[in-house]
Structures are given as C-alpha cells and as structure tokens.
Amino acid sequence: MPRATSHTPDPAVDAAALLRRLAFFGLTLVIPVTALVSRRSVVILAPIGIALLIIAALLDGVQRPLGAGLARLGGARAILAGALLLGWCALSLVWTPFPGPASERLLNLAATVGLTVAGYLALPDRMRSANLYLLPLGVGAAAIGAVLLGLFSGASLRGGFEDDSSLERGAMLLALLVWPAAAWLRSRRRDMEALGLAVVVALALVLAPGPVPLLALACGAAAFALSAWRQGLGVRVTAGVAAGLVALAPLLPFLLRPVLTPLLGPLHPTILTLKAWQRVVTTEPLRLITGHGLETAIRGKVIGMLPANAPASLLFEIWYELGIVGAFAAAFVLWSGIRHSGREHPVLTPGAMATAATAFASACLGIGTTASWWFTSVTVVVLVFIAVERGQFRTSRPKASALPPRSAA
C-alpha cells in the first residue's frame, strides 16, 4: 500500500505568512484610508509595515542576498549614479548655509532609501494573490471616502480633520497607488474593475482641495495610454521626458516665458515665477556647477537668498541645491529606473509608466518633495508595485477541450 505523506506545519512559516498579511493590510488598506485624515499616518505606518515584512522574511528565510537583490534594482550604473547623488548631497553640506537642517534632511533621505532597499529585499519572489487583492480594496475604499469627504464635508465638518493638507496628501497617495492597483487587476483580466477603480479615484481627485493630484494623475493617464498603445515608445518617452526635464531644467524659463507671456499676461504669477528663475540662472551661473547645498531652496526664501516667488519644483530645487552633478546623476537614475520598470511583465508596463509619470509630475508641480511624507509615499508605491510584479508567477491552465482525449481502457 502507498504510504500517506504527512505535512507537518512549520510554525515559523505560518507566522511569517501572518506577518506578511498584516504588513500588506497596513500598507495597502490602512495607509490610503487614514492618509485622508492624518498628515502623519504614512510616515508612522509605512515603517511599521516594512518592519513586519523584514521580520517575516527572517522567519521563513525568503529574503534575497544583498548583491543579487541590488543588481535587479536598475543595473550597476543606476546604483552607481544613485550612490553619486547621495554622496554629492553629503558633500554639499560643506558649503550649504544651513548645515544643521541639511544634515537632518540628508539623514531622512538616507533612512528612506535604506528602508526601501530593506523592504525590497524582504519581499518574497512569489506574492500571494490574497495579499495583493488588498491593494484595489484599499484604494477603492479610500477613493470612496475621499469622494464622501469632498461632497459632504463643509467647513463645519472639516473641523474634525487636521486641515486641507491632509486631504491633499491623501489624494496624492491615491493618485500614486491607483496605477499599481489597476495594473494588478488588469494582470488578472479584470479590466472593467480596473477602469471603475480609476474613475472613482479621478472623481475623488476632482473634489480634492488642490489641483496637483489631479494634474499628476492626468500625466500618469497619458503615459498609461501611450504605453498601452505602443509599449516601447511609451517607455522611451516617459523615461526621456523625465530625465530630459531634470537635465535641461535651467533652460525652461528662457523657453517658456516668451511663449506664455502673450497668453497669460506679464503680471501672471506663473510668468513672475519664470522671471525669478531666469534671474537666479543669469546672476549666478557658476553656481549651476556646484549648487548652493541642501536645504537652500526652501530656507533661502525665508532669509532673502531667493525671491519669494521662486519656483517650488523639483526641477528648480535640484539645480539650485545640487548643481549639474546632482541634476545629471538624478536624471540618469530616472532614465535607468523608469526603463527597467515592469519590463519583465509586459502586462504591467503601462501601469509602471503611469506610476513613474504621476510621481514625477507631482514633484515638478511642487507637491513638496522635500517633505518626509512624500518620500515615504513613494517608498510605499515602489514596494507595492514590486509586490505586484512578483505576483505574476502563475501560468494559465489549458482548457479542458484542449487536452488530448483519454484512451479507453
């Protein structure tokens, strides 16, 4: 008689699965909902979720080796460019007028990068579908909550929230998370559910206090449509536009101001901002090489180093603070990172391009990229999308009609 095989449950594996489920419950469901009413929820809950992922990986031993894991983040050259960017940020502490706040910002940036890498290495190679279906549930619940807040929370009801900035931050997180959620649903052949989720999120962003999340979502939608139509073209355009804008940012005010002045008028705030940007470029051209150091773009406005109407945008801040070295290193990281996103699973490529375009557009539109909540939100989105990629391991089963007929005994 054949012996019956007995499967002894492993408590460590079961505990790791439970911790991983709790981590994804927090990252994909709790954070999107609570971000609408609390400014600090992302900064507090995201490290807790990543810590649970790390503990789970240590329990069942699914973590990747450090060298092999880093090699897949975007190639050796992208890692070197990222290291150069962080190193140049550290070196700029020598000439920044604000060494104390700049050091704190650098430590926060390094901690966020380290947390992202640790979470990436802790993710298993095969993600359970049950964990990933929490993502569209969380995004949908948060979008419905944002719609209700936008429709029914007047001035009297909003007193229960911290301020409108919480709603705008939650809306920005929704704009970022909707693309991994839609990509996961499309990979499961749930196209109508993905479309419905995108529509609900767009409606929520229409009702958001600020226009930046909706504009960033529109940029993501354009990248999604182009990549879905022609995948290679969409990847090249998304990566090229992001890297090109960062690398050539000092030329933008000289190109845009003559075009926009007849349309908007010489006293429009946008024209005055471009004029201030031109003045910064022309009065200190040598500073385009080294930059002024970390933390000078924001604090410089307070002490009069910069005009009050200077741009609040990644394109201006990275050149003003880090100069050509930092800007070119960041441009190469963007180029390489975006081109590597979703390439192993073509069904996810439109969602990857939309995610990258939304994040980059929000940074260019002045969402506040120096704030910890924005960096942490990007960390959550990156880890979630990587998890979606690792949920694509299943192959489709053949239909019963395609199987060869069983021979009669």
# chains A, B, ... in the order shown; residues from 1 in each chain; ligands from 1
$ select_by_dssp --residues "stretch 219-292 of chain A" --states "alpha helix (DSSP H)" --output "ChimeraX atom specification"
/A:219-229,231-247,252-264,269-283,287-290
$ residues_around --residues "stretch 230-239 of chain A" --least-positions-apart "4" --cutoff "9 Å" --atoms "only C-alpha atoms" --output "ChimeraX atom specification"
/A:223-226,243-244,334-339,341,346,349-350,353-354,356-357
$ write_last_selection --atoms "N, CA, C and O atoms" --output "mmCIF file, in the first residue's frame"
data_model
loop_
_atom_site.group_PDB
_atom_site.id
_atom_site.type_symbol
_atom_site.label_atom_id
_atom_site.label_comp_id
_atom_site.auth_asym_id
_atom_site.auth_seq_id
_atom_site.Cartn_x
_atom_site.Cartn_y
_atom_site.Cartn_z
ATOM 1 N N ALA A 223 0.731 58.714 -19.900
ATOM 2 C CA ALA A 223 1.795 57.712 -20.024
ATOM 3 C C ALA A 223 1.209 56.307 -20.123
ATOM 4 O O ALA A 223 1.725 55.466 -20.874
ATOM 5 N N PHE A 224 0.141 56.040 -19.386
ATOM 6 C CA PHE A 224 -0.503 54.724 -19.451
ATOM 7 C C PHE A 224 -1.055 54.470 -20.853
ATOM 8 O O PHE A 224 -0.860 53.389 -21.432
ATOM 9 N N ALA A 225 -1.757 55.460 -21.401
ATOM 10 C CA ALA A 225 -2.364 55.281 -22.718
ATOM 11 C C ALA A 225 -1.295 55.066 -23.791
ATOM 12 O O ALA A 225 -1.436 54.191 -24.662
ATOM 13 N N LEU A 226 -0.218 55.849 -23.743
ATOM 14 C CA LEU A 226 0.833 55.707 -24.748
ATOM 15 C C LEU A 226 1.523 54.357 -24.630
ATOM 16 O O LEU A 226 1.800 53.696 -25.651
ATOM 17 N N ALA A 243 13.948 62.333 -17.547
ATOM 18 C CA ALA A 243 15.386 62.608 -17.462
ATOM 19 C C ALA A 243 15.745 63.905 -18.176
ATOM 20 O O ALA A 243 16.584 64.679 -17.693
ATOM 21 N N GLY A 244 15.122 64.167 -19.319
ATOM 22 C CA GLY A 244 15.440 65.369 -20.068
ATOM 23 C C GLY A 244 15.042 66.639 -19.347
ATOM 24 O O GLY A 244 15.787 67.635 -19.359
ATOM 25 N N LEU A 334 16.689 58.404 -12.976
ATOM 26 C CA LEU A 334 15.327 58.376 -13.519
ATOM 27 C C LEU A 334 15.283 57.604 -14.837
ATOM 28 O O LEU A 334 14.382 56.776 -15.056
ATOM 29 N N TRP A 335 16.206 57.886 -15.723
ATOM 30 C CA TRP A 335 16.234 57.225 -17.032
ATOM 31 C C TRP A 335 16.351 55.706 -16.877
ATOM 32 O O TRP A 335 15.568 54.945 -17.443
ATOM 33 N N SER A 336 17.313 55.273 -16.093
ATOM 34 C CA SER A 336 17.544 53.837 -15.935
ATOM 35 C C SER A 336 16.422 53.176 -15.151
ATOM 36 O O SER A 336 15.948 52.097 -15.512
ATOM 37 N N GLY A 337 15.976 53.823 -14.075
ATOM 38 C CA GLY A 337 14.928 53.229 -13.255
ATOM 39 C C GLY A 337 13.619 53.064 -13.999
ATOM 40 O O GLY A 337 12.958 52.022 -13.902
ATOM 41 N N ILE A 338 13.215 54.090 -14.746
ATOM 42 C CA ILE A 338 11.953 54.007 -15.486
ATOM 43 C C ILE A 338 12.037 52.968 -16.601
ATOM 44 O O ILE A 338 11.086 52.211 -16.838
ATOM 45 N N ARG A 339 13.163 52.892 -17.296
ATOM 46 C CA ARG A 339 13.301 51.917 -18.378
ATOM 47 C C ARG A 339 13.307 50.482 -17.854
ATOM 48 O O ARG A 339 12.955 49.558 -18.596
ATOM 49 N N SER A 341 11.464 49.523 -15.222
ATOM 50 C CA SER A 341 10.208 49.270 -14.513
ATOM 51 C C SER A 341 9.276 48.408 -15.355
ATOM 52 O O SER A 341 8.944 48.753 -16.489
ATOM 53 N N PRO A 346 5.190 42.432 -19.457
ATOM 54 C CA PRO A 346 4.638 43.480 -20.321
ATOM 55 C C PRO A 346 3.248 43.950 -19.922
ATOM 56 O O PRO A 346 2.908 45.114 -20.165
ATOM 57 N N THR A 349 3.618 46.966 -17.742
ATOM 58 C CA THR A 349 4.394 48.120 -18.195
ATOM 59 C C THR A 349 3.582 49.411 -18.250
ATOM 60 O O THR A 349 4.070 50.455 -17.786
ATOM 61 N N PRO A 350 2.351 49.429 -18.785
ATOM 62 C CA PRO A 350 1.590 50.693 -18.748
ATOM 63 C C PRO A 350 1.380 51.220 -17.340
ATOM 64 O O PRO A 350 1.507 52.426 -17.103
ATOM 65 N N MET A 353 4.694 52.778 -16.115
ATOM 66 C CA MET A 353 4.950 54.089 -16.696
ATOM 67 C C MET A 353 4.010 55.141 -16.101
ATOM 68 O O MET A 353 4.419 56.290 -15.852
ATOM 69 N N ALA A 354 2.764 54.763 -15.869
ATOM 70 C CA ALA A 354 1.820 55.708 -15.271
ATOM 71 C C ALA A 354 2.231 56.071 -13.851
ATOM 72 O O ALA A 354 2.132 57.229 -13.437
ATOM 73 N N ALA A 356 5.332 56.052 -12.600
ATOM 74 C CA ALA A 356 6.507 56.918 -12.676
ATOM 75 C C ALA A 356 6.134 58.328 -13.125
ATOM 76 O O ALA A 356 6.632 59.325 -12.571
ATOM 77 N N ALA A 357 5.255 58.431 -14.120
ATOM 78 C CA ALA A 357 4.862 59.751 -14.621
ATOM 79 C C ALA A 357 4.091 60.533 -13.566
ATOM 80 O O ALA A 357 4.272 61.749 -13.420
#
$ residues_around --residues "A:Ala331" --least-positions-apart "5" --cutoff "12 Å" --atoms "only C-alpha atoms" --output "ChimeraX atom specification"
/A:78,81-82,84-85,239-249,314-315,318-319,324-326,336-338,360
$ write_last_selection --atoms "N, CA, C and O atoms" --output "CSV table (one decimal), in the first residue's frame"
chain,number,residue,atom,x,y,z
A,78,ALA,N,23.0,52.4,-12.7
A,78,ALA,CA,22.0,53.2,-11.9
A,78,ALA,C,22.3,53.2,-10.4
A,78,ALA,O,22.1,54.3,-9.8
A,81,ALA,N,25.1,55.7,-10.0
A,81,ALA,CA,24.5,57.1,-10.1
A,81,ALA,C,23.8,57.5,-8.8
A,81,ALA,O,23.9,58.6,-8.4
A,82,GLY,N,23.0,56.5,-8.3
A,82,GLY,CA,22.3,56.8,-7.0
A,82,GLY,C,23.3,57.1,-5.9
A,82,GLY,O,23.1,58.0,-5.1
A,84,LEU,N,26.3,58.2,-6.3
A,84,LEU,CA,26.9,59.5,-6.5
A,84,LEU,C,26.0,60.6,-6.1
A,84,LEU,O,26.5,61.6,-5.5
A,85,LEU,N,24.7,60.5,-6.3
A,85,LEU,CA,23.7,61.5,-5.9
A,85,LEU,C,23.7,61.7,-4.4
A,85,LEU,O,23.8,62.8,-3.9
A,239,ALA,N,10.6,57.8,-19.9
A,239,ALA,CA,12.0,57.9,-19.3
A,239,ALA,C,12.7,59.2,-19.9
A,239,ALA,O,13.4,59.9,-19.1
A,240,GLY,N,12.5,59.4,-21.2
A,240,GLY,CA,13.2,60.5,-21.8
A,240,GLY,C,12.7,61.9,-21.3
A,240,GLY,O,13.5,62.8,-21.1
A,241,VAL,N,11.4,62.0,-21.2
A,241,VAL,CA,10.9,63.3,-20.7
A,241,VAL,C,11.3,63.6,-19.3
A,241,VAL,O,11.7,64.7,-19.0
A,242,ALA,N,11.2,62.6,-18.4
A,242,ALA,CA,11.6,62.8,-17.0
A,242,ALA,C,13.1,63.1,-16.9
A,242,ALA,O,13.5,64.1,-16.3
A,243,ALA,N,13.9,62.3,-17.5
A,243,ALA,CA,15.4,62.6,-17.5
A,243,ALA,C,15.7,63.9,-18.2
A,243,ALA,O,16.6,64.7,-17.7
A,244,GLY,N,15.1,64.2,-19.3
A,244,GLY,CA,15.4,65.4,-20.1
A,244,GLY,C,15.0,66.6,-19.3
A,244,GLY,O,15.8,67.6,-19.4
A,245,LEU,N,13.9,66.6,-18.7
A,245,LEU,CA,13.4,67.8,-18.0
A,245,LEU,C,14.4,68.1,-16.8
A,245,LEU,O,14.7,69.3,-16.5
A,246,VAL,N,14.8,67.1,-16.1
A,246,VAL,CA,15.8,67.3,-15.0
A,246,VAL,C,17.1,67.8,-15.5
A,246,VAL,O,17.7,68.8,-15.0
A,247,ALA,N,17.6,67.2,-16.6
A,247,ALA,CA,18.9,67.6,-17.1
A,247,ALA,C,18.9,69.0,-17.7
A,247,ALA,O,19.9,69.7,-17.6
A,248,LEU,N,17.8,69.4,-18.3
A,248,LEU,CA,17.8,70.7,-19.1
A,248,LEU,C,16.9,71.7,-18.4
A,248,LEU,O,16.5,72.7,-19.0
A,249,ALA,N,16.7,71.6,-17.1
A,249,ALA,CA,15.8,72.4,-16.4
A,249,ALA,C,16.2,73.9,-16.4
A,249,ALA,O,15.3,74.8,-16.6
A,314,LEU,N,10.7,70.4,-8.2
A,314,LEU,CA,11.9,69.6,-8.2
A,314,LEU,C,12.9,70.1,-9.2
A,314,LEU,O,14.1,70.1,-9.0
A,315,LEU,N,12.4,70.5,-10.4
A,315,LEU,CA,13.3,70.9,-11.5
A,315,LEU,C,14.1,72.1,-11.1
A,315,LEU,O,15.3,72.2,-11.5
A,318,ILE,N,16.5,71.0,-7.5
A,318,ILE,CA,17.7,70.1,-7.6
A,318,ILE,C,18.9,70.8,-8.2
A,318,ILE,O,20.0,70.6,-7.8
A,319,TRP,N,18.6,71.7,-9.2
A,319,TRP,CA,19.7,72.5,-9.8
A,319,TRP,C,20.2,73.6,-8.8
A,319,TRP,O,21.4,73.8,-8.7
A,324,ILE,N,24.9,70.9,-11.4
A,324,ILE,CA,24.9,70.0,-12.6
A,324,ILE,C,25.2,68.5,-12.2
A,324,ILE,O,24.7,67.6,-12.8
A,325,VAL,N,26.1,68.4,-11.2
A,325,VAL,CA,26.5,67.0,-10.8
A,325,VAL,C,25.2,66.3,-10.2
A,325,VAL,O,24.9,65.1,-10.7
A,326,GLY,N,24.6,66.9,-9.3
A,326,GLY,CA,23.4,66.2,-8.7
A,326,GLY,C,22.3,66.1,-9.7
A,326,GLY,O,21.6,65.0,-9.7
A,336,SER,N,17.3,55.3,-16.1
A,336,SER,CA,17.5,53.8,-15.9
A,336,SER,C,16.4,53.2,-15.2
A,336,SER,O,15.9,52.1,-15.5
A,337,GLY,N,16.0,53.8,-14.1
A,337,GLY,CA,14.9,53.2,-13.3
A,337,GLY,C,13.6,53.1,-14.0
A,337,GLY,O,13.0,52.0,-13.9
A,338,ILE,N,13.2,54.1,-14.7
A,338,ILE,CA,12.0,54.0,-15.5
A,338,ILE,C,12.0,53.0,-16.6
A,338,ILE,O,11.1,52.2,-16.8
A,360,PHE,N,6.6,61.7,-10.9
A,360,PHE,CA,7.5,62.8,-11.4
A,360,PHE,C,6.7,64.1,-11.6
A,360,PHE,O,7.2,65.2,-11.3
$ closest_residue --among "A:Ala387, A:Ala51, A:Val113, A:Ala102" --to "A:Thr296" --atoms "only C-alpha atoms"
A:Ala102
